[in-house]
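> Below you'll find query19.cif; it's mmCIF, C-alpha atoms.
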data_model
#
loop_
_atom_site.label_atom_id
_atom_site.label_comp_id
_atom_site.auth_asym_id
_atom_site.auth_seq_id
_atom_site.Cartn_x
_atom_site.Cartn_y
_atom_site.Cartn_z
CA MET A 1 27.97 18.69 -73.28
CA HIS A 2 29.89 18.38 -70.00
CA THR A 3 28.22 21.57 -68.77
CA LEU A 4 24.79 20.14 -69.56
CA ILE A 5 25.59 16.94 -67.65
CA ARG A 6 26.80 18.93 -64.64
CA LEU A 7 23.65 21.03 -64.66
CA CYS A 8 21.44 17.91 -64.85
CA THR A 9 23.38 16.33 -61.98
CA ILE A 10 22.99 19.41 -59.81
CA ALA A 11 19.26 19.57 -60.56
CA PHE A 12 18.89 15.89 -59.64
CA LEU A 13 20.76 16.34 -56.36
CA LEU A 14 18.72 19.37 -55.45
CA ALA A 15 15.48 17.54 -56.19
CA PHE A 16 16.62 14.45 -54.28
CA GLY A 17 17.75 16.60 -51.37
CA SER A 18 14.42 18.38 -51.15
CA LEU A 19 12.60 15.05 -51.24
CA SER A 20 14.83 13.74 -48.48
CA VAL A 21 14.16 16.75 -46.28
CA SER A 22 10.44 16.40 -46.90
CA ALA A 23 10.48 12.70 -46.10
CA GLN A 24 12.48 13.23 -42.95
CA SER A 25 10.20 15.96 -41.64
CA GLY A 26 7.06 13.81 -42.01
CA PRO A 27 3.71 14.66 -40.36
CA LYS A 28 3.87 17.36 -37.71
CA ARG A 29 3.91 15.96 -34.20
CA PRO A 30 0.86 17.00 -32.15
CA ALA A 31 1.48 19.56 -29.43
CA PHE A 32 -0.18 17.24 -26.91
CA SER A 33 -2.60 14.31 -26.83
CA VAL A 34 -6.07 14.13 -25.28
CA ILE A 35 -8.19 11.10 -24.38
CA ALA A 36 -11.88 11.57 -23.57
CA PHE A 37 -13.83 8.94 -21.65
CA TYR A 38 -17.62 8.74 -21.84
CA THR A 39 -20.57 6.44 -21.19
CA ALA A 40 -23.38 8.01 -23.28
CA LYS A 41 -26.07 5.58 -22.16
CA ASN A 42 -28.38 7.24 -19.66
CA ASP A 43 -29.82 10.72 -20.21
CA GLN A 44 -30.49 11.72 -23.81
CA ALA A 45 -29.30 15.25 -23.01
CA HIS A 46 -25.94 13.87 -21.88
CA ILE A 47 -25.73 11.58 -24.90
CA SER A 48 -26.41 14.55 -27.18
CA PHE A 49 -23.61 16.49 -25.48
CA VAL A 50 -21.13 13.61 -25.79
CA HIS A 51 -21.68 13.24 -29.54
CA GLU A 52 -21.45 16.99 -30.05
CA ALA A 53 -18.30 17.21 -27.91
CA ASN A 54 -16.53 14.45 -29.82
CA ARG A 55 -17.13 16.25 -33.11
CA TRP A 56 -16.10 19.65 -31.72
CA PHE A 57 -12.92 18.52 -29.97
CA ALA A 58 -11.79 16.60 -33.05
CA ALA A 59 -12.23 19.75 -35.14
CA MET A 60 -10.38 21.85 -32.55
CA GLY A 61 -7.54 19.32 -32.52
CA ALA A 62 -7.13 19.64 -36.27
CA ALA A 63 -7.19 23.45 -36.01
CA HIS A 64 -4.89 23.83 -33.00
CA GLY A 65 -2.46 20.97 -33.42
CA PHE A 66 -3.40 18.55 -30.65
CA ARG A 67 -4.46 14.91 -30.95
CA TYR A 68 -7.97 14.02 -29.76
CA ASP A 69 -9.10 10.45 -29.09
CA SER A 70 -12.21 9.22 -27.30
CA THR A 71 -13.42 5.92 -25.90
CA ALA A 72 -16.35 4.38 -24.05
CA ASP A 73 -14.06 1.66 -22.66
CA TRP A 74 -13.31 2.72 -19.08
CA ASN A 75 -11.01 -0.29 -18.69
CA LYS A 76 -8.48 1.76 -20.67
CA LEU A 77 -8.20 4.01 -17.64
CA ASN A 78 -4.93 2.39 -16.60
CA ALA A 79 -1.33 3.55 -16.27
CA GLY A 80 -0.08 2.02 -19.50
CA PHE A 81 -2.81 3.57 -21.64
CA LEU A 82 -2.74 6.98 -19.93
CA ALA A 83 1.02 7.28 -20.41
CA SER A 84 0.38 8.37 -24.02
CA TYR A 85 -1.85 11.31 -23.06
CA GLN A 86 -1.25 14.68 -21.43
CA VAL A 87 -4.95 15.39 -20.78
CA VAL A 88 -7.89 13.19 -19.76
CA ILE A 89 -11.48 14.38 -20.28
CA PHE A 90 -14.55 12.96 -18.52
CA LEU A 91 -17.43 13.92 -20.81
CA ASP A 92 -20.36 12.58 -18.81
CA THR A 93 -19.56 10.14 -16.00
CA ARG A 94 -16.69 8.97 -13.80
CA PRO A 95 -14.89 5.65 -13.32
CA ASP A 96 -16.50 3.24 -10.86
CA GLU A 97 -14.05 0.33 -10.65
CA PRO A 98 -11.40 0.59 -7.88
CA ALA A 99 -8.51 -0.10 -10.29
CA GLN A 100 -9.70 2.61 -12.69
CA ARG A 101 -10.08 5.11 -9.86
CA MET A 102 -6.62 4.38 -8.50
CA ALA A 103 -5.08 4.72 -11.97
CA PHE A 104 -6.75 8.12 -12.42
CA GLU A 105 -5.71 9.35 -8.96
CA THR A 106 -2.11 8.31 -9.61
CA TYR A 107 -2.17 9.97 -13.04
CA MET A 108 -3.35 13.25 -11.54
CA LYS A 109 -0.88 13.15 -8.65
CA GLN A 110 1.92 12.66 -11.20
CA GLY A 111 0.94 15.84 -13.05
CA GLY A 112 -1.58 14.70 -15.63
CA GLY A 113 -4.24 17.13 -16.87
CA TRP A 114 -8.01 16.70 -16.49
CA LEU A 115 -11.06 18.46 -17.90
CA GLY A 116 -14.45 17.40 -16.53
CA PHE A 117 -17.94 18.31 -17.66
CA HIS A 118 -21.30 18.49 -15.89
CA PHE A 119 -22.31 14.97 -14.82
CA ALA A 120 -18.68 13.94 -14.25
CA ALA A 121 -18.96 15.58 -10.81
CA PHE A 122 -22.38 14.16 -9.95
CA ALA A 123 -22.65 12.13 -6.74
CA LEU A 124 -25.82 11.40 -4.78
CA THR A 125 -26.40 8.77 -2.13
CA PRO A 126 -28.49 6.75 -2.69
CA SER A 127 -28.41 6.69 -6.51
CA THR A 128 -26.68 4.87 -9.35
CA TYR A 129 -23.78 7.28 -8.74
CA PRO A 130 -23.34 7.45 -4.94
CA GLN A 131 -20.74 9.54 -3.17
CA ASN A 132 -18.37 6.64 -2.54
CA TRP A 133 -15.10 8.21 -3.72
CA ASP A 134 -13.90 10.74 -1.18
CA TRP A 135 -10.62 11.62 -2.89
CA TYR A 136 -12.43 12.59 -6.10
CA HIS A 137 -15.51 14.40 -4.76
CA GLN A 138 -14.21 15.86 -1.50
CA HIS A 139 -10.51 16.50 -2.16
CA PHE A 140 -9.98 16.70 -5.94
CA LEU A 141 -13.24 18.43 -6.99
CA GLY A 142 -14.02 19.77 -3.56
CA SER A 143 -17.72 20.01 -4.36
CA GLY A 144 -18.93 17.04 -2.33
CA SER A 145 -22.34 15.70 -3.35
CA TYR A 146 -24.95 16.98 -5.77
CA ALA A 147 -27.57 19.04 -3.92
CA SER A 148 -30.06 20.29 -6.54
CA ASN A 149 -30.41 21.59 -10.08
CA THR A 150 -32.33 24.06 -12.20
CA TRP A 151 -34.87 22.93 -14.76
CA ARG A 152 -35.45 23.31 -17.71
CA PRO A 153 -32.03 23.84 -19.27
CA THR A 154 -31.61 27.58 -19.79
CA SER A 155 -28.84 30.04 -20.56
CA ALA A 156 -27.29 31.93 -17.66
CA VAL A 157 -25.24 35.08 -17.32
CA LEU A 158 -21.85 33.93 -15.99
CA ARG A 159 -19.46 36.18 -14.08
CA VAL A 160 -15.67 35.84 -14.25
CA GLU A 161 -14.35 35.38 -10.70
CA ALA A 162 -10.61 35.06 -11.40
CA PRO A 163 -9.85 37.49 -14.25
CA ALA A 164 -6.08 36.86 -14.11
CA HIS A 165 -6.42 33.13 -14.80
CA PRO A 166 -5.41 32.05 -18.36
CA VAL A 167 -8.59 29.99 -18.77
CA VAL A 168 -10.77 33.13 -18.86
CA LYS A 169 -8.45 35.10 -21.12
CA GLY A 170 -10.39 36.96 -23.80
CA LEU A 171 -13.73 36.66 -22.00
CA SER A 172 -15.69 39.69 -20.91
CA GLY A 173 -16.47 40.18 -17.21
CA THR A 174 -19.87 38.62 -17.77
CA PHE A 175 -21.18 36.61 -20.70
CA THR A 176 -24.21 34.53 -21.55
CA SER A 177 -23.74 30.76 -21.68
CA ALA A 178 -25.36 28.12 -23.85
CA PRO A 179 -28.49 26.51 -22.33
CA ASN A 180 -27.63 24.11 -19.51
CA GLU A 181 -28.97 22.35 -16.43
CA TRP A 182 -27.10 24.01 -13.54
CA TYR A 183 -25.98 22.11 -10.43
CA ARG A 184 -25.75 23.13 -6.79
CA TRP A 185 -23.29 21.33 -4.49
CA SER A 186 -23.23 20.31 -0.82
CA ASN A 187 -19.86 22.03 -0.18
CA ASP A 188 -19.22 25.77 -0.31
CA LEU A 189 -16.21 26.00 -2.60
CA ARG A 190 -15.48 29.53 -1.37
CA GLN A 191 -14.38 28.00 1.94
CA ASN A 192 -11.82 25.67 0.32
CA PRO A 193 -8.34 27.27 0.14
CA ASP A 194 -7.26 24.87 -2.62
CA ILE A 195 -10.05 25.90 -5.00
CA THR A 196 -9.97 28.85 -7.40
CA ILE A 197 -13.48 29.61 -8.66
CA LEU A 198 -13.27 30.77 -12.26
CA LEU A 199 -16.92 31.45 -13.06
CA ALA A 200 -20.12 31.81 -11.06
CA ILE A 201 -23.72 32.54 -11.98
CA ASP A 202 -24.33 36.29 -12.01
CA SER A 203 -27.29 37.64 -10.07
CA THR A 204 -28.77 39.06 -13.28
CA SER A 205 -29.59 35.45 -14.24
CA PHE A 206 -32.26 35.16 -11.53
CA PRO A 207 -34.81 33.74 -11.69
CA LEU A 208 -32.89 30.87 -13.30
CA GLY A 209 -34.90 27.92 -14.61
CA THR A 210 -38.50 27.56 -15.65
CA GLY A 211 -39.72 24.70 -13.47
CA PRO A 212 -42.45 23.48 -13.30
CA LYS A 213 -41.36 22.54 -9.74
CA PRO A 214 -40.66 25.63 -7.60
CA HIS A 215 -37.34 24.27 -6.26
CA GLU A 216 -36.08 23.95 -9.85
CA ILE A 217 -36.07 27.75 -10.17
CA TRP A 218 -33.27 29.63 -8.39
CA HIS A 219 -33.99 33.15 -7.17
CA SER A 220 -30.79 33.91 -5.24
CA GLY A 221 -27.57 32.38 -3.98
CA TYR A 222 -23.96 31.79 -4.99
CA TYR A 223 -23.38 29.06 -7.60
CA PRO A 224 -19.87 28.34 -8.96
CA VAL A 225 -19.90 26.70 -12.38
CA ALA A 226 -16.20 26.48 -13.26
CA TRP A 227 -13.20 26.01 -10.99
CA THR A 228 -9.72 24.56 -10.59
CA ASN A 229 -7.90 22.86 -7.71
CA ARG A 230 -4.46 24.44 -7.31
CA ASN A 231 -2.94 21.12 -6.25
CA TYR A 232 -3.65 19.58 -9.66
CA ARG A 233 -3.79 20.45 -13.35
CA MET A 234 -7.57 20.29 -13.57
CA ILE A 235 -10.62 22.25 -14.66
CA TYR A 236 -14.24 21.40 -13.96
CA LEU A 237 -16.99 22.97 -16.08
CA ASN A 238 -20.64 22.53 -15.15
CA MET A 239 -21.69 22.79 -18.80
CA GLY A 240 -22.68 19.58 -20.58
CA HIS A 241 -26.46 19.15 -20.67
CA ASN A 242 -28.25 20.06 -23.90
CA ASP A 243 -31.92 20.97 -23.91
CA ILE A 244 -34.04 18.11 -25.25
CA ASP A 245 -37.68 17.75 -26.26
CA TYR A 246 -38.46 14.42 -24.59
CA THR A 247 -42.06 14.41 -25.84
CA GLN A 248 -40.94 13.44 -29.34
CA LYS A 249 -39.73 9.98 -30.34
CA PRO A 250 -36.87 10.08 -31.02
CA SER A 251 -36.06 12.97 -28.71
CA ARG A 252 -35.34 16.26 -30.47
CA GLU A 253 -32.33 18.44 -29.62
CA LEU A 254 -33.30 22.01 -28.75
CA SER A 255 -29.89 23.49 -27.97
CA SER A 256 -26.18 23.10 -28.60
CA SER A 257 -23.42 23.29 -25.99
CA PHE A 258 -20.90 24.27 -28.68
CA GLY A 259 -22.90 26.95 -30.45
CA ASN A 260 -21.82 29.74 -28.12
CA PRO A 261 -18.57 31.59 -29.03
CA SER A 262 -17.77 32.78 -25.49
CA GLN A 263 -18.34 29.36 -23.98
CA ASN A 264 -16.32 27.75 -26.76
CA ARG A 265 -13.41 30.09 -25.96
CA LEU A 266 -13.62 29.06 -22.30
CA ILE A 267 -13.53 25.35 -23.17
CA LEU A 268 -10.70 25.72 -25.67
CA ASN A 269 -8.70 27.94 -23.28
CA SER A 270 -9.13 25.28 -20.60
CA LEU A 271 -7.89 22.46 -22.80
CA LEU A 272 -4.92 24.40 -24.19
CA TRP A 273 -3.90 25.50 -20.70
CA LEU A 274 -4.00 21.92 -19.47
CA GLY A 275 -2.32 20.44 -22.53
CA ARG A 276 0.56 22.92 -22.71
CA GLY A 277 1.38 22.75 -19.02
CA LYS A 278 4.31 20.80 -17.64
CA ARG A 279 3.70 17.26 -16.44
CA LYS A 280 5.74 16.11 -13.47
CA PRO A 281 8.41 13.47 -14.26
#
Would you mind writing the structure in this file as structure tokens?


Amino acid sequence: MHTLIRLCTIAFLLAFGSLSVSAQSGPKRPAFSVIAFYTAKNDQAHISFVHEANRWFAAMGAAHGFRYDSTADWNKLNAGFLASYQVVIFLDTRPDEPAQRMAFETYMKQGGGWLGFHFAAFALTPSTYPQNWDWYHQHFLGSGSYASNTWRPTSAVLRVEAPAHPVVKGLSGTFTSAPNEWYRWSNDLRQNPDITILLAIDSTSFPLGTGPKPHEIWHSGYYPVAWTNRNYRMIYLNMGHNDIDYTQKPSRELSSSFGNPSQNRLILNSLLWLGRGKRKP
């Protein structure tokens, strides 16, 4: 009888102990946290990309152990809110209020990570998005103002320009992208010693674009589409404009920015590199 009691007691303690360990361990802490800002109001192609990106990044967070949040409230771009995140993403636009811009600049100078897509680098004077933020467009991105673009959105053959960089790990020397509207910039990034160009459009892509306007079709030239500034933890990717059939109401999506395995690897590599890096104290 005493033996039976002792055995029952041991079994109870073992069970209680295992429950205690389980309770103490709790949910696994995310490797890092990401906050994406977006507007999603203007171009239907950008809106399509934002919705697709939010679904894809959430799924990647669940698969790779990082936390992904998103918001259309740019007022949250402040020091207190950003303190909880290791990486900021601009999915389609940029902050316009002085306080938001200063908070972002401070965040980056203190070692925060940033991933920007497509229209996040757009600046054209005069327009709704003028070049009125020199630190961001001239120093941080280095690209200056928007100069022109291809049309319609088409795939391009992209060439790896910095094969030793972790962001392009696992990519072949050239690969075909998802359809996109490609931008040209006022500044030549090759002349900027702070910029490392990661990808550029390969000459086999030409002619790039279908028009109908002749200047919307590129026949030659050098066009960087992904780069980093060595003074910051940042990556800019020109991808982020889905192809849309605007003749239908509602508009019909004709392409997906996250349906291309090579491009997906590039985007995920970029985010993991930014998120796992060391932030300055």

> For each of A:Thr196, A:Ala147, A:Leu254, A:Tyr183, take the minimum atom-to-atom distance to Ala164 of chain A, counting only C-alpha atoms, then give the residue where this is smallest.

A:Thr196

> Go through A:Pro250, A:Gly275, A:Pro95, A:Gly209 and flag the residue nearest Asp73 of chain A, using all atoms listed in the file for the distances.

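Using all atoms listed in the file, Asp73 of chain A sits closest to A:Pro95.
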
> On this structure, the PyMOL selection byres ((chain A and resi 57) around 12) would catch which residues? List them as a PyMOL selection string, sorted by chain and number.

chain A and resi 33-36+49-56+58-70+89+91+258+264+267-268+271-272

> I'd like the contact shell of Pro193 of chain A - 12 Å cut-off, only C-alpha atoms, skipping same-chain residues fewer than 3 positions apart - returned as a list of chain:residue names.

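My reading of the contact set: A:His139, A:Gly142, A:Asp188, A:Leu189, A:Arg190, A:Thr196, A:Ile197, A:Thr228, A:Asn229, A:Arg230, A:Asn231.
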
> Spell out the residues picked by the PyMOL selection byres ((chain A and resi 108) around 10) here, as a ChimeraX atom specification.

/A:87-88,102-107,109-114,140,231-234,279-280

> Determine, counting all atoms listed in the file, which protein, DNA and RNA residues have an atom within 6 Å of an atom of Glu181 of chain A; residues of the same chain fewer than 2 positions away are not included. Present the result as JSON, numbers by chain.

{"A": [150, 153, 241]}

> Create the file for the chosen residues now, containing C-alpha atoms and written as a compact mmCIF listing (two decimals), in the frame of the given file.


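What follows is the written file out.txt:
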# COMPACT_ATOMS: atom_id res chain seq x y z
CA THR A 150 -32.33 24.06 -12.20
CA PRO A 153 -32.03 23.84 -19.27
CA HIS A 241 -26.46 19.15 -20.67

> Would you mind telling me which residue in A:Thr39, A:Gln100, A:Ser48, A:Gln248 lies nearest to Thr71 of chain A when using only C-alpha atoms?

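Of the candidates, the smallest distance to Thr71 of chain A is held by A:Thr39.
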
> Could you tell me how far atom CA of Val225 of chain A sits from atom CA of Arg184 of chain A, in Å to one decimal place?

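So the two atoms, atom CA of Arg184 of chain A and atom CA of Val225 of chain A, lie 8.8 Å apart.
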
> May I have the residues at most 7 Å from (-13.3, 26.7, -13.8) in the file's coordinates, counting only C-alpha atoms, as a list in words?

Ile197, Leu198, Leu199, Val225, Ala226, Trp227, Thr228, Ile235, Tyr236 and Leu237 of chain A

> How big is the axis-aligned box around all listed atoms of segment 208-221 of chain A once 3 Å goes on each side, and where's its centre, in Å to one decimal, as AutoDock Vina command-line options?


--center_x -35.0 --center_y 28.2 --center_z -9.8 --size_x 20.9 --size_y 17.4 --size_z 17.7

> Any idea what's packed within 7 Å of Gly144 of chain A, counting all atoms listed in the file, ignoring anything in its chain fewer than 4 positions away? Could you give it as a compact mmCIF listing (two decimals) with C-alpha atoms, keeping the file's coordinate frame?


# COMPACT_ATOMS: atom_id res chain seq x y z
CA HIS A 137 -15.51 14.40 -4.76
CA GLN A 138 -14.21 15.86 -1.50
CA TRP A 185 -23.29 21.33 -4.49
CA SER A 186 -23.23 20.31 -0.82
CA ASN A 187 -19.86 22.03 -0.18

> Give me the residues near Val168 of chain A as a PyMOL selection string, where near means some atom within 10 Å (using only C-alpha atoms) and where sequence neighbours in that chain fewer than 5 positions away do not count.

chain A and resi 160-163+173+198-199+262-263+265-267+269-270
